[in-house]
Amino acid sequence: MREEMAQREEAELRRSHQKPRSPEGWGLLLVLWYLAFYKPIITESHLRRKNIKFIFIRFSAWQYAGCDKLWAGLVTTLCDSIRHHFGALPLSVYHVMGTRPRFASGFSQKEWVLKTGTCLKLWGMLFVLGAGLSVLLVALLVPGIKDHHALKVVGSAITSLSGSGLVLGAFSVLKNLLISEKQKIERLTNSEKFASQLGFMSKVHSEVEVLVDFLTFMEIFERRRLRVVLEITSLDVCYPEKVAGVLNAMNTLLSDTNTPFIFILAVDPSVIVPCLEQTGCMKGLADNGYLYLNRTVTLPFSIPEMGARSRLRSLEAAVQTREDLMYRIITSNVERRRAKCQGVPAAPSRREVDAEAVRCIHEAFHCLHDGADPLARYLPTHGAHVRRIVNTIPITLRLLLHRAGTPGTPSPRAAAAWVVLADQWPCRLSWALQCLEDAWQSQPAPDFGARSLWSIFQENVGELSALRQPLHNVLSLDGDPELFQTFLASDFPFAARDARAFLGVTVNLDHSIRHKMGLLRGLNRLQKAAATPVSRSVQCPH
């Protein structure tokens, strides 16, 4: 992501010839000046900016596992991290003097508008303060007038009243400087109102709204888009009700249309789903935790099993951490130089790989948009599922291109069809893949790779029907069974070798479902073996 940030910065600088700004050094004084006297305007040119700055925040749920409300810890971590990133002073001044950004009227490119009212109030206050000081000085210093007590009182009153506005403003800034948003929310959680939630959520939501508006202000000032990436880990070691609370807080923060937050939820679904089903947040969703996750997660990414090459890389990385084996790095560098001198063809550049990836992605999306293509009629009607498919196709194609050295690389159309298949029928596809994996492990016939995935599913569908009770929640995720048959039997007849090629790059399929099926299948076979009568001769061999 940092490499992507640097590339976008260079491209935007070449396009607009405007360098990004930073709220540090002289930039801090400039930020305070804009906060005090200017209104930010969201222009069309700002919305077209492609350079993005990511603010990474890590939230370990285990650190807040003892809190009454784990989601409150999530919000306080978010507020505190943003405060530390930009500094306490700009955020404190924004609380007092900042103006909420508004969209430009028409195609105006003016990003800052002077606060006329603020300027008039300030000049008026300074004028009154100067007049009051002048009257007071005349009453104190001019002979013949300094004996008049009433003039002194009038001058003092005017000076104190005009100066009190400035003092109150400075006091408000100092108060927000000393009391952070994290401390405000923690104070609310400790109050008596927290138990009854009287106005608590509205106050928390208002604090988050101010934070979002401040981020938009800083976007316009820094001349780039800002995205807050919050990585949530260790959620699967917390109590069930706290897990549901964190997911609800995520949905609340992402409920606004232009929210700048990106949540990376690193969890094990096989642990999270039972936690969700034990709480009361599943009402209306048939107590199905998988369905709740499908509606919450926009881009699912299930890490496939580690292949042989990845295992070797992991082993090499572990070896390189040993000081007594550091000579391996030196020898690898020597071998690389030797290969370069001998004229070994160089690997394609990153720009060429990206260009090929973009071409494949456009081809895959063209298949989805083409009404004459059978794939278009399998697209879901639910908007969340459509977004999941659109987000997953580029990742799947890039992973396939990364493995382009292997023979029989699937086409972009086949990759798009596989993504749709995994999204629409996760249970049936997981069952077919589990049966395929078990068949490969039992050394099948040489032509087994040419068998269709549909024939493998048909051969084992009776066993799936016998396990429908423990797999009830997973089965409810699937779409129309007749469309599944049409998809695999006629429109996209994937073979067993195709399924194996796609399995390593399938990121939108929860692999814990397949592992659960493998366990249930193994237990079912053990029960059948135990129920089979054993002959007496086998029991007591002679």
# chains A, B, ... in the order shown; residues from 1 in each chain; ligands from 1
>>> residues_around(residues="Leu488 in chain A", least_positions_apart="5", cutoff="10 Å", atoms="only C-alpha atoms", output="ChimeraX atom specification")
/A:421,452-455,457,483,493-495
>>> closest_residue(among="A:Arg525, A:Arg428, A:His402, A:Arg359", to="Phe484 in chain A", atoms="only C-alpha atoms")
A:Arg428
>>> select_by_dssp(residues="range 4-113 of chain A", states="strand (DSSP E)", output="ChimeraX atom specification")
/A:38-42,52-60,102-103,112-113
>>> write_last_selection(atoms="N, CA, C and O atoms", output="PDB file, in the first residue's frame")
ATOM      1  N   TYR A  38     -10.841  30.575   7.156  1.00  0.00           N
ATOM      2  CA  TYR A  38     -11.305  30.107   5.855  1.00  0.00           C
ATOM      3  C   TYR A  38     -12.241  28.911   5.997  1.00  0.00           C
ATOM      4  O   TYR A  38     -12.121  28.112   6.936  1.00  0.00           O
ATOM      5  N   LYS A  39     -13.172  28.807   5.042  1.00  0.00           N
ATOM      6  CA  LYS A  39     -14.072  27.667   4.955  1.00  0.00           C
ATOM      7  C   LYS A  39     -13.571  26.722   3.862  1.00  0.00           C
ATOM      8  O   LYS A  39     -13.283  27.168   2.751  1.00  0.00           O
ATOM      9  N   PRO A  40     -13.481  25.417   4.138  1.00  0.00           N
ATOM     10  CA  PRO A  40     -13.045  24.468   3.100  1.00  0.00           C
ATOM     11  C   PRO A  40     -14.182  24.131   2.136  1.00  0.00           C
ATOM     12  O   PRO A  40     -15.345  23.958   2.550  1.00  0.00           O
ATOM     13  N   ILE A  41     -13.857  24.033   0.847  1.00  0.00           N
ATOM     14  CA  ILE A  41     -14.832  23.721  -0.189  1.00  0.00           C
ATOM     15  C   ILE A  41     -14.376  22.466  -0.926  1.00  0.00           C
ATOM     16  O   ILE A  41     -13.225  22.372  -1.358  1.00  0.00           O
ATOM     17  N   ILE A  42     -15.277  21.486  -1.050  1.00  0.00           N
ATOM     18  CA  ILE A  42     -14.981  20.254  -1.782  1.00  0.00           C
ATOM     19  C   ILE A  42     -15.285  20.502  -3.252  1.00  0.00           C
ATOM     20  O   ILE A  42     -16.447  20.587  -3.650  1.00  0.00           O
ATOM     21  N   ILE A  52      -3.462   9.160  -2.635  1.00  0.00           N
ATOM     22  CA  ILE A  52      -4.091   8.770  -1.367  1.00  0.00           C
ATOM     23  C   ILE A  52      -3.007   8.574  -0.318  1.00  0.00           C
ATOM     24  O   ILE A  52      -1.938   8.018  -0.589  1.00  0.00           O
ATOM     25  N   LYS A  53      -3.317   9.028   0.875  1.00  0.00           N
ATOM     26  CA  LYS A  53      -2.457   8.787   2.021  1.00  0.00           C
ATOM     27  C   LYS A  53      -3.208   7.899   3.006  1.00  0.00           C
ATOM     28  O   LYS A  53      -4.308   8.239   3.443  1.00  0.00           O
ATOM     29  N   PHE A  54      -2.616   6.769   3.344  1.00  0.00           N
ATOM     30  CA  PHE A  54      -3.238   5.823   4.265  1.00  0.00           C
ATOM     31  C   PHE A  54      -2.690   6.050   5.670  1.00  0.00           C
ATOM     32  O   PHE A  54      -1.478   6.169   5.867  1.00  0.00           O
ATOM     33  N   ILE A  55      -3.598   6.115   6.624  1.00  0.00           N
ATOM     34  CA  ILE A  55      -3.236   6.233   8.038  1.00  0.00           C
ATOM     35  C   ILE A  55      -3.547   4.884   8.686  1.00  0.00           C
ATOM     36  O   ILE A  55      -4.713   4.507   8.822  1.00  0.00           O
ATOM     37  N   PHE A  56      -2.525   4.153   9.052  1.00  0.00           N
ATOM     38  CA  PHE A  56      -2.698   2.790   9.559  1.00  0.00           C
ATOM     39  C   PHE A  56      -2.841   2.806  11.084  1.00  0.00           C
ATOM     40  O   PHE A  56      -2.024   3.405  11.793  1.00  0.00           O
ATOM     41  N   ILE A  57      -3.885   2.137  11.559  1.00  0.00           N
ATOM     42  CA  ILE A  57      -4.161   2.033  12.990  1.00  0.00           C
ATOM     43  C   ILE A  57      -4.392   0.563  13.320  1.00  0.00           C
ATOM     44  O   ILE A  57      -5.175  -0.117  12.642  1.00  0.00           O
ATOM     45  N   ARG A  58      -3.726   0.087  14.339  1.00  0.00           N
ATOM     46  CA  ARG A  58      -3.902  -1.300  14.766  1.00  0.00           C
ATOM     47  C   ARG A  58      -4.709  -1.342  16.058  1.00  0.00           C
ATOM     48  O   ARG A  58      -4.391  -0.635  17.015  1.00  0.00           O
ATOM     49  N   PHE A  59      -5.725  -2.187  16.043  1.00  0.00           N
ATOM     50  CA  PHE A  59      -6.586  -2.342  17.221  1.00  0.00           C
ATOM     51  C   PHE A  59      -6.600  -3.819  17.600  1.00  0.00           C
ATOM     52  O   PHE A  59      -7.144  -4.662  16.878  1.00  0.00           O
ATOM     53  N   SER A  60      -5.978  -4.124  18.719  1.00  0.00           N
ATOM     54  CA  SER A  60      -5.993  -5.488  19.239  1.00  0.00           C
ATOM     55  C   SER A  60      -7.133  -5.601  20.249  1.00  0.00           C
ATOM     56  O   SER A  60      -7.090  -4.981  21.324  1.00  0.00           O
ATOM     57  N   ARG A 102     -18.125  21.937   2.777  1.00  0.00           N
ATOM     58  CA  ARG A 102     -19.324  21.840   1.947  1.00  0.00           C
ATOM     59  C   ARG A 102     -18.909  21.720   0.485  1.00  0.00           C
ATOM     60  O   ARG A 102     -17.792  22.077   0.103  1.00  0.00           O
ATOM     61  N   PHE A 103     -19.827  21.194  -0.326  1.00  0.00           N
ATOM     62  CA  PHE A 103     -19.535  20.986  -1.733  1.00  0.00           C
ATOM     63  C   PHE A 103     -19.666  22.300  -2.496  1.00  0.00           C
ATOM     64  O   PHE A 103     -20.485  23.162  -2.156  1.00  0.00           O
ATOM     65  N   TRP A 112     -10.957  27.396  -0.967  1.00  0.00           N
ATOM     66  CA  TRP A 112     -11.018  28.106   0.311  1.00  0.00           C
ATOM     67  C   TRP A 112     -11.800  29.399   0.136  1.00  0.00           C
ATOM     68  O   TRP A 112     -11.570  30.146  -0.812  1.00  0.00           O
ATOM     69  N   VAL A 113     -12.725  29.638   1.041  1.00  0.00           N
ATOM     70  CA  VAL A 113     -13.551  30.852   1.031  1.00  0.00           C
ATOM     71  C   VAL A 113     -13.372  31.546   2.376  1.00  0.00           C
ATOM     72  O   VAL A 113     -13.425  30.901   3.437  1.00  0.00           O
TER      73      VAL A 113
END
>>> residues_around(residues="Asn294 in chain A", least_positions_apart="6", cutoff="12 Å", atoms="only C-alpha atoms", output="list in words")
Pro269, Val273, Leu285, Asn288, Pro300, Phe301, His382, Gly383, Ala384, His385, Val386, Arg387, Arg388, Ile389, Asp423, Gln424, Pro426, Val474, Ser476, Leu477, Asp478, Asn508, Leu509 and Asp510 of chain A
>>> atom_distance(atom1="CA of Thr392 in chain A", atom2="CA of Met5 in chain A")
21.0 Å
>>> closest_residue(among="A:Gln485, A:Arg377, A:Gly479, A:Asn391", to="Val507 in chain A", atoms="only C-alpha atoms")
A:Asn391
>>> select_by_dssp(residues="range 480-524 of chain A", states="alpha helix (DSSP H)", output="ChimeraX atom specification")
/A:481-486,496-503,511-524
>>> residues_around(residues="range 90-98 of chain A", least_positions_apart="5", cutoff="6 Å", atoms="only C-alpha atoms", output="PyMOL selection string")
chain A and resi 35-36+173+176-177
>>> atom_distance(atom1="CA of Arg48 in chain A", atom2="CA of Cys360 in chain A")
24.6 Å
